[in-house]
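The structure appears right after this line, and notes come after that.
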Amino acid sequence: MATTDLDDEQFEQVAQSLECWLGDQATDDVPELVLVGLLRGYADSIEEHGYVPRSWGSCESSRIRHSCDPVSGGQQQNTSRKTASKEK
């Protein structure tokens with residue numbers, strides 16, 4: 001399958017969104033090793049199943065997408081902590 005300009009553009013958008021989300025988590029004092037473990041765990045799950053479960057995108061998706069990134073779906077624990085710290 002050939003890579004198209006749309007694929008490159010979509011890849012870049014998703015990569016930027018992921019970088020933004022990771023930066024936000026680090027700013028909120030989530031340790032980098034926690035983030036690495038989280039990414040590895042999800043990567044292993046995706047590799048094992050061969051796809052990203054669409055149910056991961058339904059978790060608090062509207063609130064998450066307002067920040068910076070649609071990649072966050074399924075990360076309720078981190079976003080809840082982030083929201084709780086903002087409410088203090």
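How things are named: the first chain in the structure tokens is A, the next is B, and so on; residues count from 1 in each chain; ligands count from 1 in the order shown.
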
Apply DSSP to the structure's backbone, then extract all residues of region 11-66 of chain A labelled alpha helix (DSSP H) and return them as a ChimeraX atom specification. /A:11-27,32-49,61-66

Computed interatomic separation between CA of Val34 (chain A) and CA of Trp21 (chain A) (Å): 13.7 Å
